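Participant: Following this line is upload_8.pdb, made up of PDB, C-alpha atoms:
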ATOM      1  CA  MET H 247      63.680 -25.672  43.358
ATOM      2  CA  ALA H 248      61.291 -27.491  45.708
ATOM      3  CA  VAL H 249      61.921 -26.959  49.395
ATOM      4  CA  ASP H 250      61.235 -29.899  51.684
ATOM      5  CA  TRP H 251      59.445 -28.176  54.584
ATOM      6  CA  ILE H 252      59.936 -31.149  56.907
ATOM      7  CA  GLN H 253      63.652 -30.318  56.745
ATOM      8  CA  ALA H 254      63.425 -26.584  55.955
ATOM      9  CA  SER H 255      61.424 -25.552  59.036
ATOM     10  CA  PRO H 256      63.711 -27.198  61.627
ATOM     11  CA  ALA H 257      66.732 -25.938  59.612
ATOM     12  CA  ALA H 258      65.519 -22.330  59.857
ATOM     13  CA  ILE H 259      64.608 -22.721  63.545
ATOM     14  CA  ALA H 260      67.960 -24.369  64.409
ATOM     15  CA  ALA H 261      69.909 -21.642  62.579
ATOM     16  CA  PHE H 262      67.819 -18.898  64.228
ATOM     17  CA  LEU H 263      68.191 -20.245  67.781
ATOM     18  CA  ALA H 264      71.892 -21.091  67.448
ATOM     19  CA  SER H 265      72.649 -17.709  65.874
ATOM     20  CA  THR H 266      70.716 -15.921  68.633
ATOM     21  CA  VAL H 267      72.944 -17.541  71.279
ATOM     22  CA  GLU H 268      76.126 -16.621  69.401
ATOM     23  CA  PHE H 269      75.039 -13.035  68.617
ATOM     24  CA  VAL H 270      73.988 -12.427  72.230
ATOM     25  CA  GLU H 271      77.503 -13.432  73.355
ATOM     26  CA  ALA H 272      79.083 -11.170  70.715
ATOM     27  CA  LEU H 273      76.757  -8.271  71.597
ATOM     28  CA  THR H 274      77.924  -8.368  75.242
ATOM     29  CA  VAL H 275      81.535  -7.736  74.216
ATOM     30  CA  VAL H 276      80.671  -5.181  71.498
ATOM     31  CA  LEU H 277      78.603  -3.223  74.045
ATOM     32  CA  ALA H 278      81.539  -3.299  76.496
ATOM     33  CA  VAL H 279      83.870  -2.035  73.735
ATOM     34  CA  GLY H 280      81.429   0.739  72.805
ATOM     35  CA  ALA H 281      80.949   1.890  76.393
ATOM     36  CA  VAL H 282      84.653   1.794  77.356
ATOM     37  CA  ARG H 283      86.622   2.430  74.125
ATOM     38  CA  GLY H 284      84.052   4.314  72.044
ATOM     39  CA  TRP H 285      81.354   3.378  69.543
ATOM     40  CA  ARG H 286      83.413   4.184  66.461
ATOM     41  CA  SER H 287      85.928   1.389  67.093
ATOM     42  CA  ALA H 288      83.199  -1.014  68.289
ATOM     43  CA  LEU H 289      81.025  -0.562  65.191
ATOM     44  CA  THR H 290      83.962  -0.484  62.738
ATOM     45  CA  GLY H 291      85.375  -3.718  64.203
ATOM     46  CA  THR H 292      81.962  -5.392  64.078
ATOM     47  CA  ALA H 293      81.319  -4.258  60.478
ATOM     48  CA  ALA H 294      84.770  -5.482  59.348
ATOM     49  CA  ALA H 295      84.165  -8.902  60.927
ATOM     50  CA  LEU H 296      80.688  -9.185  59.356
ATOM     51  CA  ALA H 297      82.194  -8.358  55.940
ATOM     52  CA  THR H 298      84.840 -11.092  56.462
ATOM     53  CA  LEU H 299      82.139 -13.594  57.431
ATOM     54  CA  LEU H 300      80.075 -12.683  54.360
ATOM     55  CA  ALA H 301      83.127 -13.372  52.188
ATOM     56  CA  VAL H 302      83.561 -16.793  53.868
ATOM     57  CA  VAL H 303      79.897 -17.664  53.168
ATOM     58  CA  LEU H 304      80.114 -16.516  49.531
ATOM     59  CA  LEU H 305      83.308 -18.545  49.072
ATOM     60  CA  PHE H 306      82.363 -21.831  50.761
ATOM     61  CA  GLY H 307      78.572 -21.901  50.225
ATOM     62  CA  PRO H 308      78.655 -22.394  46.422
ATOM     63  CA  LEU H 309      81.684 -24.753  46.687
ATOM     64  CA  LEU H 310      79.673 -27.218  48.778
ATOM     65  CA  THR H 311      76.967 -27.476  46.131
ATOM     66  CA  ARG H 312      79.572 -28.928  43.714
ATOM     67  CA  ILE H 313      80.331 -31.920  45.956
ATOM     68  CA  PRO H 314      78.067 -35.009  45.634
ATOM     69  CA  ILE H 315      75.222 -34.751  48.173
ATOM     70  CA  ARG H 316      75.990 -38.113  49.835
ATOM     71  CA  GLY H 317      79.594 -37.093  50.575
ATOM     72  CA  VAL H 318      78.463 -33.716  51.929
ATOM     73  CA  GLN H 319      75.807 -35.361  54.093
ATOM     74  CA  LEU H 320      78.329 -37.733  55.667
ATOM     75  CA  VAL H 321      81.066 -35.145  56.350
ATOM     76  CA  VAL H 322      78.831 -32.203  57.245
ATOM     77  CA  GLY H 323      76.395 -34.464  59.114
ATOM     78  CA  GLY H 324      79.303 -35.852  61.147
ATOM     79  CA  LEU H 325      80.550 -32.352  62.004
ATOM     80  CA  LEU H 326      77.019 -31.184  62.790
ATOM     81  CA  LEU H 327      76.488 -34.212  65.020
ATOM     82  CA  LEU H 328      79.723 -33.546  66.950
ATOM     83  CA  PHE H 329      78.817 -29.850  67.232
ATOM     84  CA  GLY H 330      75.250 -30.585  68.337
ATOM     85  CA  LEU H 331      76.300 -33.191  70.894
ATOM     86  CA  ARG H 332      78.919 -30.763  72.295
ATOM     87  CA  TRP H 333      76.223 -28.104  72.837
ATOM     88  CA  LEU H 334      73.774 -30.648  74.209
ATOM     89  CA  ARG H 335      76.380 -32.054  76.605
ATOM     90  CA  LYS H 336      77.177 -28.581  77.935
ATOM     91  CA  ALA H 337      73.472 -27.649  78.207
ATOM     92  CA  VAL H 338      72.702 -30.858  80.145
ATOM     93  CA  LEU H 339      75.615 -30.250  82.536
ATOM     94  CA  ARG H 340      74.530 -26.615  83.052
ATOM     95  CA  ALA H 341      70.880 -27.577  83.564
ATOM     96  CA  ALA H 342      72.004 -30.133  86.160
ATOM     97  CA  GLY H 343      74.149 -27.535  87.948
ATOM     98  CA  VAL H 344      77.387 -29.462  87.332
ATOM     99  CA  ILE H 345      78.939 -26.479  85.506
ATOM    100  CA  PRO H 346      77.871 -22.834  86.034
ATOM    101  CA  LEU H 347      75.423 -21.077  83.701
ATOM    102  CA  HIS H 348      76.816 -18.475  81.301
ATOM    103  CA  ASP H 349      76.293 -15.035  82.870
ATOM    104  CA  GLU H 350      76.189 -12.193  80.297
ATOM    105  CA  ALA H 351      76.235  -9.445  82.961
ATOM    106  CA  ALA H 352      79.381 -10.932  84.547
ATOM    107  CA  ALA H 353      80.960 -11.362  81.099
ATOM    108  CA  TYR H 354      80.231  -7.686  80.353
ATOM    109  CA  ASP H 355      81.838  -6.510  83.627
ATOM    110  CA  ARG H 356      84.873  -8.732  83.020
ATOM    111  CA  GLU H 357      85.348  -7.443  79.462
ATOM    112  CA  ALA H 358      84.785  -3.797  80.418
ATOM    113  CA  GLY H 359      87.369  -4.085  83.224
ATOM    114  CA  SER H 360      89.903  -5.624  80.854
ATOM    115  CA  LEU H 361      89.304  -2.891  78.232
ATOM    116  CA  ARG H 362      89.702  -0.095  80.825
ATOM    117  CA  SER H 363      93.089  -1.439  81.871
ATOM    118  CA  ALA H 364      94.369  -1.439  78.254
ATOM    119  CA  GLY H 365      95.269   2.296  78.241
ATOM    120  CA  ARG H 366      93.950   5.101  76.070
ATOM    121  CA  ALA H 367      93.913   5.216  72.272
ATOM    122  CA  ALA H 368      96.637   7.169  70.464
ATOM    123  CA  GLY H 369      94.920   7.817  67.098
ATOM    124  CA  ALA H 370      91.443   8.586  65.828
ATOM    125  CA  LEU H 371      90.488   4.902  65.722
ATOM    126  CA  ASP H 372      91.077   2.934  68.925
ATOM    127  CA  PHE H 373      92.916  -0.227  67.822
ATOM    128  CA  VAL H 374      92.216  -2.146  71.064
ATOM    129  CA  GLY H 375      88.486  -1.504  70.710
ATOM    130  CA  PHE H 376      88.496  -2.298  66.983
ATOM    131  CA  ALA H 377      90.451  -5.558  67.469
ATOM    132  CA  THR H 378      88.285  -6.717  70.396
ATOM    133  CA  ALA H 379      85.009  -6.086  68.533
ATOM    134  CA  PHE H 380      86.436  -7.643  65.345
ATOM    135  CA  LYS H 381      87.713 -10.760  67.135
ATOM    136  CA  ILE H 382      84.524 -11.536  69.107
ATOM    137  CA  THR H 383      82.253 -10.931  66.100
ATOM    138  CA  LEU H 384      84.492 -13.073  63.882
ATOM    139  CA  LEU H 385      84.783 -15.951  66.376
ATOM    140  CA  GLU H 386      81.090 -16.078  67.312
ATOM    141  CA  GLY H 387      80.150 -15.421  63.686
ATOM    142  CA  LEU H 388      82.297 -18.342  62.518
ATOM    143  CA  GLU H 389      80.106 -20.646  64.598
ATOM    144  CA  VAL H 390      77.031 -19.118  62.940
ATOM    145  CA  VAL H 391      78.572 -19.566  59.471
ATOM    146  CA  PHE H 392      79.455 -23.171  60.320
ATOM    147  CA  ILE H 393      75.883 -23.872  61.459
ATOM    148  CA  VAL H 394      74.292 -22.157  58.437
ATOM    149  CA  ILE H 395      76.555 -23.901  55.927
ATOM    150  CA  ALA H 396      76.280 -27.262  57.708
ATOM    151  CA  VAL H 397      72.496 -27.096  58.135
ATOM    152  CA  GLY H 398      72.068 -25.594  54.662
ATOM    153  CA  SER H 399      74.190 -28.089  52.740
ATOM    154  CA  GLY H 400      72.611 -31.283  54.085
ATOM    155  CA  GLY H 401      69.594 -31.141  51.791
ATOM    156  CA  VAL H 402      68.286 -29.497  48.633
ATOM    157  CA  GLY H 403      67.254 -25.845  49.096
ATOM    158  CA  LEU H 404      68.111 -25.667  52.813
ATOM    159  CA  LEU H 405      70.769 -22.939  52.573
ATOM    160  CA  VAL H 406      68.141 -20.210  52.114
ATOM    161  CA  PRO H 407      65.945 -21.087  55.157
ATOM    162  CA  ALA H 408      69.081 -21.561  57.298
ATOM    163  CA  SER H 409      70.460 -18.171  56.153
ATOM    164  CA  VAL H 410      67.100 -16.490  56.755
ATOM    165  CA  GLY H 411      67.095 -17.894  60.312
ATOM    166  CA  ALA H 412      70.608 -16.555  60.988
ATOM    167  CA  VAL H 413      69.906 -13.106  59.486
ATOM    168  CA  ALA H 414      66.660 -12.860  61.505
ATOM    169  CA  ALA H 415      68.648 -13.623  64.669
ATOM    170  CA  LEU H 416      71.260 -10.979  63.772
ATOM    171  CA  LEU H 417      68.579  -8.323  63.186
ATOM    172  CA  LEU H 418      66.716  -9.247  66.382
ATOM    173  CA  VAL H 419      69.816  -9.167  68.618
ATOM    174  CA  ALA H 420      71.134  -5.970  66.966
ATOM    175  CA  ALA H 421      67.747  -4.272  67.436
ATOM    176  CA  LEU H 422      67.559  -5.346  71.090
ATOM    177  CA  GLY H 423      71.125  -4.136  71.621
ATOM    178  CA  LEU H 424      70.300  -0.741  70.085
ATOM    179  CA  ILE H 425      67.140  -0.355  72.155
ATOM    180  CA  LEU H 426      68.387  -1.686  75.495
ATOM    181  CA  HIS H 427      72.092  -0.698  75.384
ATOM    182  CA  ARG H 428      72.965  -3.427  77.881
ATOM    183  CA  PRO H 429      73.818  -7.157  77.776
ATOM    184  CA  LEU H 430      70.868  -9.460  77.103
ATOM    185  CA  SER H 431      71.321 -11.324  80.372
ATOM    186  CA  THR H 432      67.633 -12.309  80.592
ATOM    187  CA  VAL H 433      67.798 -14.401  77.401
ATOM    188  CA  PRO H 434      67.370 -18.069  78.482
ATOM    189  CA  GLU H 435      70.698 -18.977  76.908
ATOM    190  CA  ASN H 436      70.952 -22.501  78.288
ATOM    191  CA  ALA H 437      67.410 -23.399  77.222
ATOM    192  CA  LEU H 438      68.276 -22.152  73.718
ATOM    193  CA  LYS H 439      71.511 -24.171  73.720
ATOM    194  CA  PHE H 440      69.578 -27.235  74.872
ATOM    195  CA  ALA H 441      67.052 -26.838  72.020
ATOM    196  CA  VAL H 442      69.742 -26.150  69.413
ATOM    197  CA  GLY H 443      71.828 -29.104  70.626
ATOM    198  CA  VAL H 444      68.812 -31.392  70.246
ATOM    199  CA  LEU H 445      67.997 -30.089  66.724
ATOM    200  CA  LEU H 446      71.582 -30.197  65.447
ATOM    201  CA  ALA H 447      72.193 -33.671  66.896
ATOM    202  CA  ALA H 448      68.980 -34.867  65.206
ATOM    203  CA  PHE H 449      69.932 -33.296  61.847
ATOM    204  CA  GLY H 450      73.493 -34.594  62.100
ATOM    205  CA  THR H 451      72.342 -38.141  62.895
ATOM    206  CA  PHE H 452      69.850 -38.093  60.010
ATOM    207  CA  TRP H 453      72.412 -36.925  57.461
ATOM    208  CA  VAL H 454      75.119 -39.267  58.699
ATOM    209  CA  GLY H 455      72.590 -42.094  58.317
ATOM    210  CA  GLU H 456      71.750 -40.934  54.787
ATOM    211  CA  GLY H 457      75.454 -40.578  54.011
ATOM    212  CA  ILE H 458      76.276 -44.160  55.017
ATOM    213  CA  GLY H 459      73.249 -45.474  53.134
ATOM    214  CA  LEU H 460      70.925 -46.328  56.048
ATOM    215  CA  ALA H 461      67.178 -46.661  55.498
ATOM    216  CA  TRP H 462      65.394 -44.338  57.947
ATOM    217  CA  PRO H 463      61.986 -45.614  59.077
ATOM    218  CA  GLY H 464      59.459 -43.002  57.866
ATOM    219  CA  SER H 465      62.049 -41.338  55.594
ATOM    220  CA  ASP H 466      62.266 -37.530  56.239
ATOM    221  CA  TRP H 467      59.700 -37.770  59.051
ATOM    222  CA  SER H 468      62.265 -39.625  61.135
ATOM    223  CA  ILE H 469      63.929 -36.206  61.780
ATOM    224  CA  ILE H 470      61.006 -35.475  64.111
ATOM    225  CA  GLY H 471      61.468 -38.846  65.813
ATOM    226  CA  LEU H 472      65.211 -38.191  66.179
ATOM    227  CA  THR H 473      64.516 -34.736  67.651
ATOM    228  CA  LEU H 474      62.072 -36.163  70.200
ATOM    229  CA  GLY H 475      64.477 -39.015  70.966
ATOM    230  CA  PHE H 476      67.443 -36.710  71.693
ATOM    231  CA  LEU H 477      65.152 -34.386  73.685
ATOM    232  CA  ALA H 478      63.939 -37.280  75.850
ATOM    233  CA  VAL H 479      67.433 -38.679  76.433
ATOM    234  CA  ALA H 480      68.922 -35.260  77.282
ATOM    235  CA  SER H 481      66.008 -34.371  79.582
ATOM    236  CA  LEU H 482      66.341 -37.680  81.426
ATOM    237  CA  ALA H 483      70.103 -37.202  81.697
ATOM    238  CA  VAL H 484      69.699 -33.963  83.717
ATOM    239  CA  PRO H 485      68.377 -35.570  86.954
ATOM    240  CA  LEU H 486      70.811 -38.479  86.513
ATOM    241  CA  CYS H 487      73.741 -36.024  86.350
ATOM    242  CA  ARG H 488      72.414 -34.161  89.391
ATOM    243  CA  ARG H 489      72.255 -37.399  91.378
ATOM    244  CA  ARG H 490      75.692 -38.487  90.134
ATOM    245  CA  ALA H 491      77.263 -35.157  91.152
ATOM    246  CA  GLY H 492      75.463 -35.197  94.515
ATOM    247  CA  ILE H 493      73.674 -31.923  93.798
ATOM    248  CA  GLY H 494      70.468 -31.243  95.744
ATOM    249  CA  LEU H 495      67.408 -29.642  94.143
ATOM    250  CA  SER H 496      67.720 -26.600  96.446
ATOM    251  CA  LEU H 497      71.082 -25.725  94.891
ATOM    252  CA  ILE H 498      69.551 -25.750  91.411
ATOM    253  CA  LEU H 499      66.622 -23.538  92.416
ATOM    254  CA  ARG H 500      68.844 -20.952  94.095
TER     255      ARG H 500
ATOM    256  CA  MET O  67      99.764 -15.181  64.614
ATOM    257  CA  ASN O  68      97.816 -15.122  67.871
ATOM    258  CA  ALA O  69      94.621 -14.320  65.953
ATOM    259  CA  VAL O  70      95.227 -17.279  63.589
ATOM    260  CA  LYS O  71      95.803 -19.567  66.595
ATOM    261  CA  ALA O  72      92.620 -18.265  68.250
ATOM    262  CA  VAL O  73      90.592 -18.913  65.096
ATOM    263  CA  ALA O  74      92.109 -22.421  64.688
ATOM    264  CA  ARG O  75      91.404 -23.199  68.366
ATOM    265  CA  GLU O  76      87.860 -21.913  67.954
ATOM    266  CA  LEU O  77      87.283 -24.047  64.847
ATOM    267  CA  LEU O  78      88.563 -27.201  66.581
ATOM    268  CA  GLY O  79      86.573 -26.291  69.677
ATOM    269  CA  LEU O  80      83.409 -26.196  67.559
ATOM    270  CA  VAL O  81      83.329 -29.976  67.444
ATOM    271  CA  VAL O  82      85.727 -31.216  70.136
ATOM    272  CA  GLU O  83      85.332 -30.466  73.833
ATOM    273  CA  ASP O  84      85.304 -33.772  75.677
ATOM    274  CA  VAL O  85      88.282 -35.667  74.225
ATOM    275  CA  ALA O  86      86.496 -39.007  74.610
ATOM    276  CA  LEU O  87      83.159 -37.916  73.087
ATOM    277  CA  ALA O  88      84.298 -37.120  69.520
ATOM    278  CA  PRO O  89      86.294 -40.363  68.955
ATOM    279  CA  ALA O  90      83.465 -42.431  70.458
ATOM    280  CA  VAL O  91      80.899 -40.800  68.125
ATOM    281  CA  LEU O  92      83.114 -41.255  65.052
ATOM    282  CA  GLY O  93      83.913 -44.854  66.069
ATOM    283  CA  TRP O  94      80.215 -45.677  66.453
ATOM    284  CA  ILE O  95      79.411 -44.160  63.032
ATOM    285  CA  ALA O  96      82.213 -46.239  61.483
ATOM    286  CA  LEU O  97      80.894 -49.399  63.152
ATOM    287  CA  VAL O  98      77.322 -48.883  61.894
ATOM    288  CA  TRP O  99      78.707 -47.991  58.442
ATOM    289  CA  LEU O 100      80.634 -51.282  58.320
ATOM    290  CA  LEU O 101      77.517 -53.146  59.410
ATOM    291  CA  ALA O 102      75.395 -51.417  56.743
ATOM    292  CA  ALA O 103      78.010 -52.086  54.080
ATOM    293  CA  SER O 104      78.141 -55.783  54.954
ATOM    294  CA  VAL O 105      74.553 -56.425  53.769
ATOM    295  CA  PRO O 106      73.088 -55.805  50.285
ATOM    296  CA  GLN O 107      70.155 -53.739  51.644
ATOM    297  CA  PRO O 108      70.569 -51.872  54.986
ATOM    298  CA  ARG O 109      67.768 -52.633  57.483
ATOM    299  CA  PRO O 110      65.768 -49.972  59.403
ATOM    300  CA  TRP O 111      67.020 -51.384  62.743
ATOM    301  CA  MET O 112      70.523 -50.261  61.764
ATOM    302  CA  ALA O 113      69.294 -46.644  61.848
ATOM    303  CA  VAL O 114      67.808 -47.312  65.287
ATOM    304  CA  LEU O 115      71.140 -48.817  66.339
ATOM    305  CA  LEU O 116      72.915 -45.615  65.205
ATOM    306  CA  ILE O 117      70.760 -43.300  67.333
ATOM    307  CA  CYS O 118      70.747 -45.642  70.368
ATOM    308  CA  GLY O 119      74.546 -45.757  70.343
ATOM    309  CA  LEU O 120      74.849 -41.980  69.991
ATOM    310  CA  ALA O 121      72.382 -41.407  72.816
ATOM    311  CA  GLY O 122      74.332 -43.855  74.988
ATOM    312  CA  ILE O 123      77.619 -42.059  74.232
ATOM    313  CA  LEU O 124      76.054 -38.698  75.212
ATOM    314  CA  VAL O 125      74.685 -40.071  78.496
ATOM    315  CA  GLU O 126      78.020 -41.732  79.344
ATOM    316  CA  SER O 127      79.861 -38.456  78.672
ATOM    317  CA  VAL O 128      77.636 -36.274  80.897
ATOM    318  CA  LEU O 129      77.562 -38.860  83.690
ATOM    319  CA  ARG O 130      81.357 -39.201  83.614
ATOM    320  CA  ARG O 131      81.722 -35.405  83.840
ATOM    321  CA  SER O 132      79.158 -35.256  86.659
ATOM    322  CA  GLY O 133      81.020 -37.973  88.573
ATOM    323  CA  ALA O 134      84.266 -35.998  88.219
ATOM    324  CA  ALA O 135      82.561 -32.898  89.686
ATOM    325  CA  ARG O 136      81.615 -34.722  92.888
TER     326      ARG O 136
END
With the file now loaded, output its structure as structure tokens.

Facilitator:
Amino acid sequence: MAVDWIQASPAAIAAFLASTVEFVEALTVVLAVGAVRGWRSALTGTAAALATLLAVVLLFGPLLTRIPIRGVQLVVGGLLLLFGLRWLRKAVLRAAGVIPLHDEAAAYDREAGSLRSAGRAAGALDFVGFATAFKITLLEGLEVVFIVIAVGSGGVGLLVPASVGAVAALLLVAALGLILHRPLSTVPENALKFAVGVLLAAFGTFWVGEGIGLAWPGSDWSIIGLTLGFLAVASLAVPLCRRRAGIGLSLILR
Amino acid sequence: MNAVKAVARELLGLVVEDVALAPAVLGWIALVWLLAASVPQPRPWMAVLLICGLAGILVESVLRRSGAAR
């Protein structure tokens, strides 16, 4: 099966970056569970959620290949576009200082405090720790699964590069978590969200266009034009938002 | 039950955050689709129209939110 590298490369990059953001958020909570409730419940909960996510991928991945490509492109492209624009909107507002940046260290402290107040475990396996690790891994992982399936089903042979990107992100974040044993608060999360939002919005727009039968100028190469277009619009929107909200540059630099 | 609700909320939240953004995007897609379907061979400018509209919807959404934060 021939892989179209014009689509495959951005698909793998988008899946890798988006998955990195999601896994970093999950790692923060899993680390808090491990430190407060014990590593057994944290790792068991995480493993159970990963197994559930794998089952979801194995169930829905092959099903999508049975639907005509044009229908998939329209529906999945529409969802991907909404998802990408949601991320891009939030990243623009955060970059402009309109809404606060996501702080992993603060999230860790908040979660650890909440877990401490939940009381001690009665049995060998701490249910509170297990459920917390399971829930965060499942919820953040669902976003990863959505991105991989959405990015992977829009074109022929894209599921593999998208999956490789997500698995690489999982291994990277897990390795960093094992080595550092603390939240990855130095990861430029908003810059990653900005980049992913741009890529997913570009992919979504391209596939929606294909799905409704539009003729893209330059065919597949227009994905690059769409990416640059969304990047330019979002970058220009940041200072406009700052001015609209009456935020000075000094506040942003602080 | 709470876990099911959390998962359902999370799934909806994947695509909908600003209540005006999602309907505007879907409405614009529908409009361009109708336009493309009304001619025998869709023109390249229709693709340009699609992205211009989507970019405009994004800018309107962030500016509206920024104005509300003032």

Participant: One decimal, Å: what's the distance from atom CA of Ala337 of chain H over to atom CA of Val114 of chain O, could you say?

Facilitator: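 So the answer is 24.2 Å.
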
Participant: Which residues are near Leu472 of chain H? Cut-off 10 Å, only C-alpha atoms, ignore same chain within fewer than 4 positions. Put them as a ChimeraX atom specification.

Facilitator: /H:444-445,447-452,467-468,476-478 /O:114,117

Participant: Between atom CA of Val406 of chain H and atom CA of Thr473 of chain H, measure the distance and give it in Å to one decimal.

Facilitator: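 Between these atoms lies a distance of 21.6 Å.
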
Participant: Calculated over all atoms listed in the file, which of the candidates H:Ala260, H:Val433, H:Val391, H:Ala352 has the smallest distance to chain O?

Facilitator: H:Val391

Participant: For chain O, list the residues within 9 Å of chain H, counting all atoms listed in the file, and write the list as a ChimeraX atom specification.

Facilitator: /O:69,72-73,76-77,79-84,87-88,91-92,95,98-100,102-103,107-114,116-117,120-122,124-125,127-136

Participant: Keeping C-alpha atoms, export the residues of the selection given above as a PDB file, in the coordinates of the input.

Facilitator:
ATOM      1  CA  ALA O  69      94.621 -14.320  65.953  1.00  0.00           C
ATOM      2  CA  ALA O  72      92.620 -18.265  68.250  1.00  0.00           C
ATOM      3  CA  VAL O  73      90.592 -18.913  65.096  1.00  0.00           C
ATOM      4  CA  GLU O  76      87.860 -21.913  67.954  1.00  0.00           C
ATOM      5  CA  LEU O  77      87.283 -24.047  64.847  1.00  0.00           C
ATOM      6  CA  GLY O  79      86.573 -26.291  69.677  1.00  0.00           C
ATOM      7  CA  LEU O  80      83.409 -26.196  67.559  1.00  0.00           C
ATOM      8  CA  VAL O  81      83.329 -29.976  67.444  1.00  0.00           C
ATOM      9  CA  VAL O  82      85.727 -31.216  70.136  1.00  0.00           C
ATOM     10  CA  GLU O  83      85.332 -30.466  73.833  1.00  0.00           C
ATOM     11  CA  ASP O  84      85.304 -33.772  75.677  1.00  0.00           C
ATOM     12  CA  LEU O  87      83.159 -37.916  73.087  1.00  0.00           C
ATOM     13  CA  ALA O  88      84.298 -37.120  69.520  1.00  0.00           C
ATOM     14  CA  VAL O  91      80.899 -40.800  68.125  1.00  0.00           C
ATOM     15  CA  LEU O  92      83.114 -41.255  65.052  1.00  0.00           C
ATOM     16  CA  ILE O  95      79.411 -44.160  63.032  1.00  0.00           C
ATOM     17  CA  VAL O  98      77.322 -48.883  61.894  1.00  0.00           C
ATOM     18  CA  TRP O  99      78.707 -47.991  58.442  1.00  0.00           C
ATOM     19  CA  LEU O 100      80.634 -51.282  58.320  1.00  0.00           C
ATOM     20  CA  ALA O 102      75.395 -51.417  56.743  1.00  0.00           C
ATOM     21  CA  ALA O 103      78.010 -52.086  54.080  1.00  0.00           C
ATOM     22  CA  GLN O 107      70.155 -53.739  51.644  1.00  0.00           C
ATOM     23  CA  PRO O 108      70.569 -51.872  54.986  1.00  0.00           C
ATOM     24  CA  ARG O 109      67.768 -52.633  57.483  1.00  0.00           C
ATOM     25  CA  PRO O 110      65.768 -49.972  59.403  1.00  0.00           C
ATOM     26  CA  TRP O 111      67.020 -51.384  62.743  1.00  0.00           C
ATOM     27  CA  MET O 112      70.523 -50.261  61.764  1.00  0.00           C
ATOM     28  CA  ALA O 113      69.294 -46.644  61.848  1.00  0.00           C
ATOM     29  CA  VAL O 114      67.808 -47.312  65.287  1.00  0.00           C
ATOM     30  CA  LEU O 116      72.915 -45.615  65.205  1.00  0.00           C
ATOM     31  CA  ILE O 117      70.760 -43.300  67.333  1.00  0.00           C
ATOM     32  CA  LEU O 120      74.849 -41.980  69.991  1.00  0.00           C
ATOM     33  CA  ALA O 121      72.382 -41.407  72.816  1.00  0.00           C
ATOM     34  CA  GLY O 122      74.332 -43.855  74.988  1.00  0.00           C
ATOM     35  CA  LEU O 124      76.054 -38.698  75.212  1.00  0.00           C
ATOM     36  CA  VAL O 125      74.685 -40.071  78.496  1.00  0.00           C
ATOM     37  CA  SER O 127      79.861 -38.456  78.672  1.00  0.00           C
ATOM     38  CA  VAL O 128      77.636 -36.274  80.897  1.00  0.00           C
ATOM     39  CA  LEU O 129      77.562 -38.860  83.690  1.00  0.00           C
ATOM     40  CA  ARG O 130      81.357 -39.201  83.614  1.00  0.00           C
ATOM     41  CA  ARG O 131      81.722 -35.405  83.840  1.00  0.00           C
ATOM     42  CA  SER O 132      79.158 -35.256  86.659  1.00  0.00           C
ATOM     43  CA  GLY O 133      81.020 -37.973  88.573  1.00  0.00           C
ATOM     44  CA  ALA O 134      84.266 -35.998  88.219  1.00  0.00           C
ATOM     45  CA  ALA O 135      82.561 -32.898  89.686  1.00  0.00           C
ATOM     46  CA  ARG O 136      81.615 -34.722  92.888  1.00  0.00           C
TER      47      ARG O 136
END

Participant: Running the PyMOL selection byres ((chain H and resi 418) around 12) on this model by hand, what would come out? Give it as a list in words.

Facilitator: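 Applying the expression gives Phe262, Leu263, Ser265, Thr266, Val267, Phe269, Val270, Leu273, Gly411, Ala412, Val413, Ala414, Ala415, Leu416, Leu417, Val419, Ala420, Ala421, Leu422, Gly423, Leu424, Ile425, Leu426 and Leu430 of chain H.
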
Participant: Run through the PyMOL selection byres ((chain H and resi 374) around 10) on the given coordinates and return the selected residues as a list in words.

Facilitator: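 Listing what the PyMOL selection byres ((chain H and resi 374) around 10) selects in the shown file: Val279, Arg283, Ser287, Ala288, Gly291, Leu361, Ala364, Gly365, Arg366, Ala367, Leu371, Asp372, Phe373, Gly375, Phe376, Ala377, Thr378, Ala379 and Phe380 of chain H.
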
Participant: As an exercise, work out the distance from atom CA of Gly359 of chain H to atom CA of Ala294 of chain H in Å and give it to one decimal place.

Facilitator: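 Value for the atom CA of Gly359 of chain H-atom CA of Ala294 of chain H distance: 24.1 Å.
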
Participant: Going by the chain IDs and residue numbers used in this file, which residues fall under the PyMOL selection byres ((chain H and resi 299) around 10)? Write them as a list of chain:residue names.

Facilitator: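 On the file shown, the PyMOL selection byres ((chain H and resi 299) around 10) covers H:Ala293, H:Ala294, H:Ala295, H:Leu296, H:Ala297, H:Thr298, H:Leu300, H:Ala301, H:Val302, H:Val303, H:Leu304, H:Leu305, H:Thr383, H:Leu384, H:Leu385, H:Gly387, H:Leu388, H:Val390, H:Val391.
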
Participant: Pick the closest to Leu277 of chain H from H:Asp355, H:Pro256, H:Phe306, H:Ala264: which is it, counting all atoms listed in the file?

Facilitator: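 Counting all atoms listed in the file, the residue closest to Leu277 of chain H is H:Asp355.
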
Participant: Using all atoms listed in the file, pick whichever of H:Ala341, H:Leu446, H:Val282, H:Val276 has the shortest atom-to-atom distance to Ser363 of chain H.

Facilitator: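 Among H:Ala341, H:Leu446, H:Val282, H:Val276, it is H:Val282 that comes nearest to Ser363 of chain H.
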